[in-house]
$ cat work_25.cif   # mmCIF, C-alpha atoms and all ligand atoms
data_data
loop_
_atom_site.label_atom_id
_atom_site.label_comp_id
_atom_site.auth_asym_id
_atom_site.auth_seq_id
_atom_site.Cartn_x
_atom_site.Cartn_y
_atom_site.Cartn_z
CA MET R 1 28.03 138.99 134.33
CA SER R 2 31.44 139.97 133.06
CA VAL R 3 32.44 139.00 129.54
CA LEU R 4 34.94 136.53 130.96
CA ASP R 5 32.29 134.82 133.06
CA GLU R 6 30.04 134.67 130.05
CA LEU R 7 32.79 133.07 127.99
CA SER R 8 33.45 130.50 130.63
CA THR R 9 29.72 129.55 130.69
CA ILE R 10 29.72 129.28 126.93
CA GLU R 11 32.79 127.11 127.04
CA THR R 12 31.27 124.65 129.51
CA GLU R 13 28.03 124.52 127.56
CA VAL R 14 29.60 124.06 124.16
CA MET R 15 32.14 121.53 125.33
CA ALA R 16 29.29 119.42 126.72
CA ALA R 17 27.33 119.79 123.47
CA VAL R 18 30.39 118.78 121.45
CA SER R 19 31.13 115.64 123.40
CA GLY R 20 27.41 114.82 123.49
CA ALA R 21 26.94 115.17 119.69
CA ALA R 22 25.83 111.72 118.58
CA ASP R 23 26.68 112.10 114.90
CA GLU R 24 28.32 114.41 112.41
CA SER R 25 25.18 116.39 111.63
CA ALA R 26 24.50 117.09 115.32
CA LEU R 27 28.09 118.25 115.67
CA GLU R 28 27.80 120.44 112.59
CA ALA R 29 24.70 122.05 114.13
CA VAL R 30 26.73 122.96 117.23
CA ARG R 31 29.51 124.38 115.08
CA VAL R 32 27.10 126.54 113.08
CA ALA R 33 25.30 127.75 116.24
CA GLU R 34 28.56 128.89 117.86
CA LEU R 35 31.21 129.52 115.22
CA GLY R 36 29.11 129.95 112.09
CA LYS R 37 28.68 133.40 110.53
CA LYS R 38 25.62 134.06 112.67
CA GLY R 39 26.83 131.95 115.60
CA ARG R 40 26.94 132.99 119.22
CA VAL R 41 30.74 133.21 119.53
CA SER R 42 31.04 134.96 116.17
CA GLY R 43 28.44 137.43 117.42
CA LEU R 44 30.53 138.18 120.49
CA MET R 45 33.59 138.70 118.28
CA LYS R 46 31.65 141.42 116.49
CA THR R 47 31.01 143.26 119.78
CA LEU R 48 34.78 143.70 120.29
CA GLY R 49 34.68 146.78 118.05
CA GLY R 50 32.27 148.55 120.40
CA MET R 51 34.28 147.88 123.58
CA SER R 52 36.59 150.28 125.36
CA PRO R 53 40.30 149.63 124.74
CA GLU R 54 40.71 148.20 128.25
CA GLU R 55 37.80 145.81 127.89
CA ARG R 56 39.03 144.79 124.50
CA GLN R 57 42.46 143.99 125.90
CA THR R 58 41.12 141.21 128.09
CA ALA R 59 38.03 140.18 126.11
CA GLY R 60 39.89 140.02 122.77
CA PRO R 61 42.44 137.31 123.63
CA ALA R 62 39.85 135.46 125.73
CA LEU R 63 37.41 135.35 122.83
CA ASN R 64 40.07 134.30 120.35
CA GLY R 65 41.21 131.63 122.77
CA LEU R 66 37.67 130.37 123.22
CA ARG R 67 37.05 130.29 119.48
CA ASP R 68 40.24 128.27 118.87
CA LYS R 69 39.51 125.92 121.73
CA LEU R 70 36.01 125.21 120.50
CA ALA R 71 37.20 124.78 116.91
CA THR R 72 39.82 122.28 118.06
CA ALA R 73 37.32 120.36 120.18
CA ILE R 74 34.84 120.22 117.30
CA ALA R 75 37.51 118.98 114.88
CA ALA R 76 38.61 116.28 117.32
CA ARG R 77 35.03 115.13 117.92
CA LYS R 78 34.46 115.15 114.13
CA ALA R 79 37.42 112.84 113.59
CA GLU R 80 36.12 110.56 116.34
CA LEU R 81 32.64 110.40 114.83
CA GLU R 82 34.03 109.78 111.34
CA MET R 83 36.07 106.90 112.64
CA ALA R 84 33.07 105.46 114.46
CA ALA R 85 30.93 105.79 111.34
CA LEU R 86 33.61 104.09 109.26
CA ASN R 87 33.93 101.25 111.74
CA GLN R 88 30.23 100.77 111.73
CA ARG R 89 30.15 100.71 107.94
CA LEU R 90 32.97 98.19 107.82
CA GLU R 91 31.07 96.08 110.29
CA THR R 92 27.89 96.00 108.22
CA GLU R 93 29.53 95.91 104.77
CA ARG R 94 31.85 93.07 105.58
CA GLU R 95 32.60 90.99 102.51
CA ASP R 96 33.97 87.59 101.93
CA LEU R 97 37.24 88.43 100.20
CA THR R 98 37.79 84.92 98.96
CA TYR R 99 34.55 85.31 97.08
CA ARG R 100 35.59 88.64 95.62
CA ARG R 101 39.03 87.45 94.61
CA SER R 102 37.69 84.38 93.03
CA CYS R 103 35.25 86.50 91.05
CA SER R 104 37.78 88.95 89.72
CA ARG R 105 40.39 86.38 88.87
CA ARG R 106 38.10 84.60 86.52
CA ALA R 107 36.84 87.93 85.26
CA LEU R 108 33.50 86.28 85.95
CA LEU R 109 32.66 86.06 82.39
CA LEU R 110 34.58 82.87 82.03
CA ASP R 111 32.01 81.43 84.36
CA ALA R 112 28.92 82.91 82.87
CA GLY R 113 29.69 82.79 79.18
CA VAL R 114 32.69 80.72 78.24
CA ARG R 115 32.00 77.83 80.55
CA GLY R 116 28.37 77.90 79.55
CA VAL R 117 29.16 77.73 75.84
CA ALA R 118 32.02 75.27 76.34
CA ALA R 119 29.76 72.99 78.40
CA ILE R 120 27.22 72.90 75.57
CA PHE R 121 29.84 71.96 73.00
CA ALA R 122 31.48 69.47 75.34
CA ASP R 123 28.11 67.80 75.56
CA MET R 124 28.06 67.64 71.76
CA GLY R 125 31.34 65.73 71.72
CA PHE R 126 33.86 68.59 71.39
CA ALA R 127 37.15 68.44 73.31
CA VAL R 128 38.60 71.65 74.77
CA ALA R 129 41.89 72.91 73.24
CA GLU R 130 44.04 75.80 74.42
CA GLY R 131 46.98 77.86 73.24
CA PRO R 132 49.23 80.69 74.47
CA ASP R 133 48.06 84.29 74.83
CA ILE R 134 51.38 85.53 73.40
CA GLU R 135 51.54 84.31 69.84
CA ASP R 136 53.89 84.61 66.93
CA ASP R 137 52.96 86.16 63.65
CA PHE R 138 52.89 82.74 61.99
CA HIS R 139 50.10 81.27 64.13
CA ASN R 140 48.11 84.49 64.58
CA PHE R 141 48.22 85.58 60.92
CA THR R 142 50.39 83.82 58.33
CA ALA R 143 49.21 80.23 58.77
CA LEU R 144 45.64 81.51 58.84
CA ASN R 145 46.14 82.76 55.29
CA PHE R 146 46.53 86.46 56.06
CA PRO R 147 48.88 87.51 53.25
CA GLU R 148 52.06 89.34 54.29
CA GLY R 149 51.32 93.08 54.56
CA HIS R 150 47.60 92.46 54.12
CA PRO R 151 45.40 95.19 55.68
CA ALA R 152 43.50 92.50 57.60
CA ARG R 153 46.49 92.29 59.92
CA GLU R 154 45.90 95.92 60.86
CA MET R 155 42.16 95.36 61.08
CA HIS R 156 42.57 93.62 64.40
CA ASP R 157 44.20 96.58 66.21
CA THR R 158 46.97 94.31 67.29
CA PHE R 159 49.13 94.75 70.40
CA PHE R 160 52.68 94.08 69.20
CA MET R 161 55.50 93.12 71.57
CA LYS R 162 59.01 94.60 71.25
CA PRO R 163 60.86 93.04 68.29
CA ASP R 164 63.43 90.31 69.07
CA ALA R 165 67.04 90.24 67.78
CA GLU R 166 65.83 89.16 64.31
CA GLY R 167 63.23 91.93 64.26
CA ARG R 168 60.29 89.55 64.75
CA ARG R 169 57.48 90.87 66.86
CA LYS R 170 55.30 88.59 68.91
CA VAL R 171 51.70 89.66 69.40
CA LEU R 172 49.02 89.32 72.02
CA ARG R 173 46.74 87.02 70.10
CA THR R 174 43.94 88.96 68.44
CA HIS R 175 41.66 85.94 68.18
CA THR R 176 41.47 82.30 69.23
CA SER R 177 41.95 81.14 65.62
CA PRO R 178 45.73 80.51 66.06
CA VAL R 179 44.78 77.58 68.29
CA GLN R 180 43.14 76.01 65.23
CA ILE R 181 46.58 75.97 63.64
CA ARG R 182 48.24 74.50 66.73
CA THR R 183 45.58 71.81 66.92
CA MET R 184 45.79 70.81 63.26
CA MET R 185 49.59 70.70 63.39
CA ASN R 186 49.60 68.47 66.46
CA GLN R 187 46.61 66.24 66.07
CA LYS R 188 45.49 63.90 63.34
CA PRO R 189 41.88 64.25 62.09
CA PRO R 190 39.14 63.60 62.95
CA ILE R 191 39.31 66.79 65.01
CA ARG R 192 36.45 68.28 66.96
CA VAL R 193 37.58 70.99 69.37
CA ILE R 194 36.20 74.00 71.14
CA ILE R 195 38.76 76.68 72.03
CA PRO R 196 37.88 79.16 74.76
CA GLY R 197 40.38 81.89 75.51
CA ARG R 198 41.35 85.46 76.11
CA VAL R 199 42.11 87.68 73.15
CA TYR R 200 43.44 91.21 72.92
CA ARG R 201 42.76 94.26 70.78
CA LYS R 202 43.29 97.99 71.25
CA ASP R 203 39.73 98.97 72.06
CA TRP R 204 37.92 100.47 75.06
CA ASP R 205 34.29 101.56 75.26
CA ALA R 206 30.98 100.25 76.60
CA THR R 207 30.98 97.25 74.29
CA HIS R 208 34.76 96.71 73.81
CA THR R 209 37.49 95.94 76.33
CA PRO R 210 41.16 95.46 75.37
CA MET R 211 40.98 91.90 76.65
CA PHE R 212 37.92 89.89 75.86
CA HIS R 213 36.94 86.29 75.40
CA GLN R 214 36.37 84.27 72.28
CA ILE R 215 35.31 80.76 71.62
CA GLU R 216 36.49 79.07 68.52
CA GLY R 217 35.20 75.82 67.13
CA LEU R 218 36.96 73.51 64.69
CA VAL R 219 35.80 70.29 63.09
CA ILE R 220 38.01 68.49 60.59
CA ASP R 221 37.33 65.12 58.97
CA LYS R 222 36.60 63.83 55.49
CA SER R 223 32.95 64.66 55.02
CA THR R 224 31.85 67.58 57.24
CA HIS R 225 30.04 70.34 55.33
CA MET R 226 28.24 73.70 55.82
CA GLY R 227 24.97 71.94 56.67
CA HIS R 228 26.61 70.34 59.69
CA LEU R 229 27.99 73.70 60.71
CA LYS R 230 24.59 75.33 60.63
CA SER R 231 22.74 72.63 62.51
CA CYS R 232 25.48 72.35 65.12
CA LEU R 233 25.40 76.11 65.80
CA THR R 234 21.61 76.35 65.83
CA GLU R 235 21.46 73.58 68.40
CA ALA R 236 24.17 75.18 70.56
CA PHE R 237 22.56 78.63 70.57
CA SER R 238 19.10 77.29 71.30
CA ARG R 239 20.59 75.73 74.41
CA PHE R 240 22.62 78.81 75.31
CA PHE R 241 19.64 81.16 75.10
CA GLU R 242 17.35 78.51 76.55
CA VAL R 243 14.81 78.78 73.74
CA GLU R 244 13.06 76.10 71.72
CA ARG R 245 14.90 77.00 68.53
CA ALA R 246 17.28 79.92 67.98
CA GLU R 247 16.61 80.28 64.25
CA SER R 248 19.67 81.40 62.32
CA ARG R 249 20.63 82.71 58.91
CA PHE R 250 24.00 82.87 57.17
CA ARG R 251 25.19 85.96 55.32
CA PRO R 252 28.20 85.72 52.98
CA HIS R 253 31.28 87.37 54.47
CA PHE R 254 35.06 87.36 54.13
CA PHE R 255 37.63 85.81 56.43
CA PRO R 256 41.06 84.88 55.06
CA PHE R 257 40.99 81.50 56.81
CA THR R 258 37.66 80.20 55.55
CA GLU R 259 36.14 79.68 52.09
CA PRO R 260 33.23 80.11 51.81
CA SER R 261 32.88 82.39 54.84
CA ALA R 262 29.73 83.56 56.52
CA GLU R 263 28.42 85.56 59.38
CA MET R 264 25.63 83.97 61.34
CA ASP R 265 22.67 85.95 62.66
CA ILE R 266 20.00 84.66 64.97
CA ARG R 267 16.39 85.69 65.00
CA CYS R 268 15.50 88.14 67.73
CA ASP R 269 13.00 90.71 68.86
CA ARG R 270 14.28 94.19 69.67
CA SER R 271 10.90 95.88 70.03
CA GLY R 272 10.94 95.73 73.84
CA LYS R 273 13.54 96.98 76.30
CA GLU R 274 15.60 93.81 76.13
CA ILE R 275 16.56 91.75 73.14
CA LYS R 276 14.65 88.48 72.99
CA VAL R 277 16.24 85.65 71.10
CA GLY R 278 14.28 83.06 69.13
CA GLU R 279 11.31 85.24 68.19
CA GLY R 280 10.55 88.48 66.36
CA ASP R 281 11.51 89.93 62.97
CA ASP R 282 15.00 91.16 63.66
CA TRP R 283 18.40 89.53 63.28
CA LEU R 284 21.39 89.66 65.56
CA GLU R 285 24.91 89.11 64.27
CA ILE R 286 26.51 86.56 66.47
CA LEU R 287 29.56 84.90 64.95
CA GLY R 288 31.88 84.33 62.00
CA CYS R 289 32.28 80.93 60.43
CA GLY R 290 33.03 79.00 57.27
CA MET R 291 34.73 76.01 55.71
CA VAL R 292 38.43 75.89 56.58
CA HIS R 293 40.40 77.36 53.67
CA PRO R 294 42.48 74.81 51.68
CA ASN R 295 45.57 77.03 52.23
CA VAL R 296 45.08 76.79 55.99
CA LEU R 297 44.82 72.99 55.81
CA ARG R 298 47.97 72.93 53.65
CA ASN R 299 49.82 75.24 56.07
CA CYS R 300 49.13 72.66 58.78
CA GLY R 301 50.31 69.71 56.68
CA LEU R 302 46.82 68.43 55.85
CA ASP R 303 45.84 67.51 52.28
CA PRO R 304 42.74 69.54 51.26
CA GLU R 305 41.88 66.77 48.75
CA GLU R 306 41.43 64.42 51.66
CA TYR R 307 40.31 66.58 54.58
CA GLN R 308 37.78 69.33 55.05
CA GLY R 309 35.84 70.87 57.87
CA PHE R 310 34.34 73.95 59.40
CA ALA R 311 35.39 76.58 61.90
CA PHE R 312 33.62 79.32 63.75
CA GLY R 313 34.56 82.05 66.20
CA LEU R 314 32.55 84.31 68.45
CA GLY R 315 32.98 86.93 71.15
CA VAL R 316 31.61 85.51 74.37
CA ASP R 317 31.50 88.77 76.31
CA ARG R 318 29.02 90.26 73.86
CA LEU R 319 27.01 87.09 73.93
CA ALA R 320 26.77 87.19 77.72
CA MET R 321 25.76 90.87 77.51
CA LEU R 322 22.87 89.82 75.33
CA LYS R 323 21.87 86.90 77.47
CA TYR R 324 21.91 88.88 80.68
CA GLY R 325 20.72 92.18 79.15
CA MET R 326 23.78 94.13 80.32
CA PRO R 327 24.38 97.58 78.83
CA ASP R 328 28.12 97.88 79.62
CA LEU R 329 30.96 95.40 79.46
CA ARG R 330 33.47 97.16 81.69
CA PRO R 331 32.00 96.17 85.10
CA TYR R 332 32.89 92.59 84.20
CA PHE R 333 36.41 93.43 85.17
CA GLU R 334 35.71 95.34 88.37
CA ALA R 335 34.55 92.47 90.58
CA ASP R 336 31.98 94.66 92.28
CA VAL R 337 30.18 92.29 94.58
CA ASP R 338 26.86 94.13 94.33
CA TRP R 339 27.03 93.89 90.54
CA ILE R 340 27.85 90.21 90.76
CA LYS R 341 24.89 89.59 93.03
CA HIS R 342 22.64 91.67 90.81
CA TYR R 343 23.28 89.36 87.88
CA GLY R 344 23.08 86.33 90.12
CA PHE R 345 26.52 84.89 89.34
CA LYS R 346 27.91 82.28 91.63
CA PRO R 347 31.64 81.90 91.12
CA TRP R 348 31.78 78.38 92.40
CA LEU R 349 28.80 77.06 90.58
CA LEU R 350 29.94 75.51 87.34
CA PRO R 351 27.37 75.82 84.61
CA SER R 352 26.50 72.49 83.08
CA VAL R 353 24.08 71.38 80.46
CA THR R 354 22.00 69.42 82.92
CA GLY R 355 22.13 72.14 85.58
CA GLY R 356 21.26 74.91 83.13
CA LEU R 357 23.04 78.18 82.63
CA SER R 358 20.93 80.81 84.25
N1 LIG M 401 38.79 84.99 64.17
C1 LIG M 401 37.64 85.75 63.78
C2 LIG M 401 37.66 87.10 64.50
O1 LIG M 401 38.26 87.21 65.52
C3 LIG M 401 36.38 85.02 64.12
C4 LIG M 401 36.21 83.82 63.24
C5 LIG M 401 35.53 83.96 62.06
C6 LIG M 401 36.74 82.59 63.58
C7 LIG M 401 35.37 82.85 61.22
C8 LIG M 401 36.58 81.48 62.75
C9 LIG M 401 35.87 81.65 61.57
O2 LIG M 401 37.05 80.29 63.04
O3 LIG M 401 35.72 80.55 60.78
O4 LIG M 401 37.07 88.03 64.05
#

$ encode --input "work_25.cif" --output "structure tokens"
Amino acid sequence: MSVLDELSTIETEVMAAVSGAADESALEAVRVAELGKKGRVSGLMKTLGGMSPEERQTAGPALNGLRDKLATAIAARKAELEMAALNQRLETEREDLTYRRSCSRRALLLDAGVRGVAAIFADMGFAVAEGPDIEDDFHNFTALNFPEGHPAREMHDTFFMKPDAEGRRKVLRTHTSPVQIRTMMNQKPPIRVIIPGRVYRKDWDATHTPMFHQIEGLVIDKSTHMGHLKSCLTEAFSRFFEVERAESRFRPHFFPFTEPSAEMDIRCDRSGKEIKVGEGDDWLEILGCGMVHPNVLRNCGLDPEEYQGFAFGLGVDRLAMLKYGMPDLRPYFEADVDWIKHYGFKPWLLPSVTGGLS
């Protein structure tokens, strides 16, 4: 058989193998067997050196032509198979985009954590209050008794907006506490509100995202004291963690807007893989709280001789991490449907006290 006949046989054979390759690995096997380093066509290319000049003159271009033709056919079949594989994947991985959008828009957490906590407090007679995400310095700091130039203002890693004509810079609120001020300035006591909302600080790691969620509580009347604060929070967290009694302890702390101020820890067990709330010998820091500072009451036009009350604030994202045993906060914001399913969230199911949270 002449070289040219041989090439033509190879061509017919390989072309059939290429179009018959059922998937990318079968196709790759054909490519390796023919055009790979030790392939049949590559082997023939190597024999060119041993041919007479006349033979080489016809066999050379024919071999090159065959090699190019096969390479082109393999590439075309590869593209075809890739497209088929993609279509098949799209077919089986079809997702309900309404579901996904609805998940990401609420950043999910608002469902799992904020609504859960807010539902508990609503059941205890708290009304929901809200305020703007873009705040002025007065509501975010000054009225809350942060002295001008006080380092606590820097403590929050604030996002400042561009200054206005008078040089005043608005901020992305660093906490939900400014809504306390708005509520006290607009509403006569008795006040009993729960304030869920987004807050912003320059932070990004496994347990911090630049936007996160807080819940603030505020109770103002003539006789509310620290004892009420503690029993109210213990009750709420027992319900949130679905335990008989989430035992808590207060540690003295400092916040400019409360006096006295405390941080509340709840009893937990960290000996296992996951943190268990309500048992064990360990304590978990969970929120800041205290009696509203007389200066804050005065800044809102309330007479501290007549009115008093408590406030508390907590990060809900961290709380949900604990409840659901999640190691990283960032996937909250990625709306990955598999992740959502893994944690069993249902975007349209509103948590309620009667329906439970989990
Ligand atoms: N605003 C505080 C923070 O973001 C949390 C807080 C602490 C709120 C004590 C309060 C409170 O209302 O009384 O760190």

$ residues_around --input "work_25.cif" --residues "range 75-91 of chain R" --least-positions-apart "6" --cutoff "7 Å" --atoms "all atoms listed in the file" --output "VMD selection string"
chain R and resid 18 to 19 23 to 24

$ closest_residue --input "work_25.cif" --among "R:Asn295, R:Asn140, R:His150, R:Glu247" --to "ligand LIG 401 (chain M)" --atoms "all atoms listed in the file"
R:Asn140

$ residues_near_ligand --input "work_25.cif" --ligand "ligand LIG 401 (chain M)" --cutoff "9 Å" --atoms "all atoms listed in the file" --output "ChimeraX atom specification"
/R:156,174-178,180,199,214-218,254-259,261-263,287-292,310-315

$ closest_residue --input "work_25.cif" --among "R:Cys300, R:Met15, R:Ala127, R:Leu44" --to "Ala143 in chain R" --atoms "all atoms listed in the file"
R:Cys300

$ residues_near_point --input "work_25.cif" --point "(45.8, 96.8, 72.4)" --cutoff "8 Å" --atoms "only C-alpha atoms" --output "PDB file with C-alpha atoms, in the coordinates of the input"
ATOM      1  CA  ASP R 157      44.200  96.580  66.210  1.00  0.00           C
ATOM      2  CA  THR R 158      46.970  94.310  67.290  1.00  0.00           C
ATOM      3  CA  PHE R 159      49.130  94.750  70.400  1.00  0.00           C
ATOM      4  CA  TYR R 200      43.440  91.210  72.920  1.00  0.00           C
ATOM      5  CA  ARG R 201      42.760  94.260  70.780  1.00  0.00           C
ATOM      6  CA  LYS R 202      43.290  97.990  71.250  1.00  0.00           C
ATOM      7  CA  ASP R 203      39.730  98.970  72.060  1.00  0.00           C
ATOM      8  CA  PRO R 210      41.160  95.460  75.370  1.00  0.00           C
TER       9      PRO R 210
END

$ axis_aligned_box --input "work_25.cif" --around "range 138-152 of chain R" --padding-each-side "4 Å" --output "JSON"
{"center_x": 48.2, "center_y": 87.7, "center_z": 58.9, "size_x": 17.4, "size_y": 23.0, "size_z": 19.3}

$ residues_around --input "work_25.cif" --residues "range 50-63 of chain R" --least-positions-apart "3" --cutoff "10 Å" --atoms "only C-alpha atoms" --output "list in words"
Ser2, Val3, Leu4, Leu7, Ser8, Val41, Ser42, Leu44, Met45, Lys46, Thr47, Leu66, Arg67, Asp68 and Lys69 of chain R

$ write_last_selection --input "work_25.cif" --atoms "C-alpha atoms" --output "PDB file, in the frame of the given file"
ATOM      1  CA  SER R   2      31.440 139.970 133.060  1.00  0.00           C
ATOM      2  CA  VAL R   3      32.440 139.000 129.540  1.00  0.00           C
ATOM      3  CA  LEU R   4      34.940 136.530 130.960  1.00  0.00           C
ATOM      4  CA  LEU R   7      32.790 133.070 127.990  1.00  0.00           C
ATOM      5  CA  SER R   8      33.450 130.500 130.630  1.00  0.00           C
ATOM      6  CA  VAL R  41      30.740 133.210 119.530  1.00  0.00           C
ATOM      7  CA  SER R  42      31.040 134.960 116.170  1.00  0.00           C
ATOM      8  CA  LEU R  44      30.530 138.180 120.490  1.00  0.00           C
ATOM      9  CA  MET R  45      33.590 138.700 118.280  1.00  0.00           C
ATOM     10  CA  LYS R  46      31.650 141.420 116.490  1.00  0.00           C
ATOM     11  CA  THR R  47      31.010 143.260 119.780  1.00  0.00           C
ATOM     12  CA  LEU R  66      37.670 130.370 123.220  1.00  0.00           C
ATOM     13  CA  ARG R  67      37.050 130.290 119.480  1.00  0.00           C
ATOM     14  CA  ASP R  68      40.240 128.270 118.870  1.00  0.00           C
ATOM     15  CA  LYS R  69      39.510 125.920 121.730  1.00  0.00           C
TER      16      LYS R  69
END

$ atom_distance --input "work_25.cif" --atom1 "CA of His225 in chain R" --atom2 "CA of Gln308 in chain R"
7.8 Å

$ closest_residue --input "work_25.cif" --among "R:Lys323, R:Arg31, R:Lys38, R:Arg267" --to "Ala71 in chain R" --atoms "only C-alpha atoms"
R:Arg31

$ atom_distance --input "work_25.cif" --atom1 "CA of Asp221 in chain R" --atom2 "CA of Ala122 in chain R"
17.9 Å

$ residues_around --input "work_25.cif" --residues "Phe121 in chain R" --least-positions-apart "4" --cutoff "7 Å" --atoms "all atoms listed in the file" --output "PyMOL selection string"
chain R and resi 117+125-126+194+236

$ closest_residue --input "work_25.cif" --among "R:Glu130, R:Glu34, R:Asp317, R:Asp164" --to "Glu11 in chain R" --atoms "all atoms listed in the file"
R:Glu34

$ atom_distance --input "work_25.cif" --atom1 "CA of Phe237 in chain R" --atom2 "CA of Arg192 in chain R"
17.7 Å

$ residues_around --input "work_25.cif" --residues "Lys222 in chain R" --least-positions-apart "2" --cutoff "7 Å" --atoms "only C-alpha atoms" --output "PyMOL selection string"
chain R and resi 224+306-308
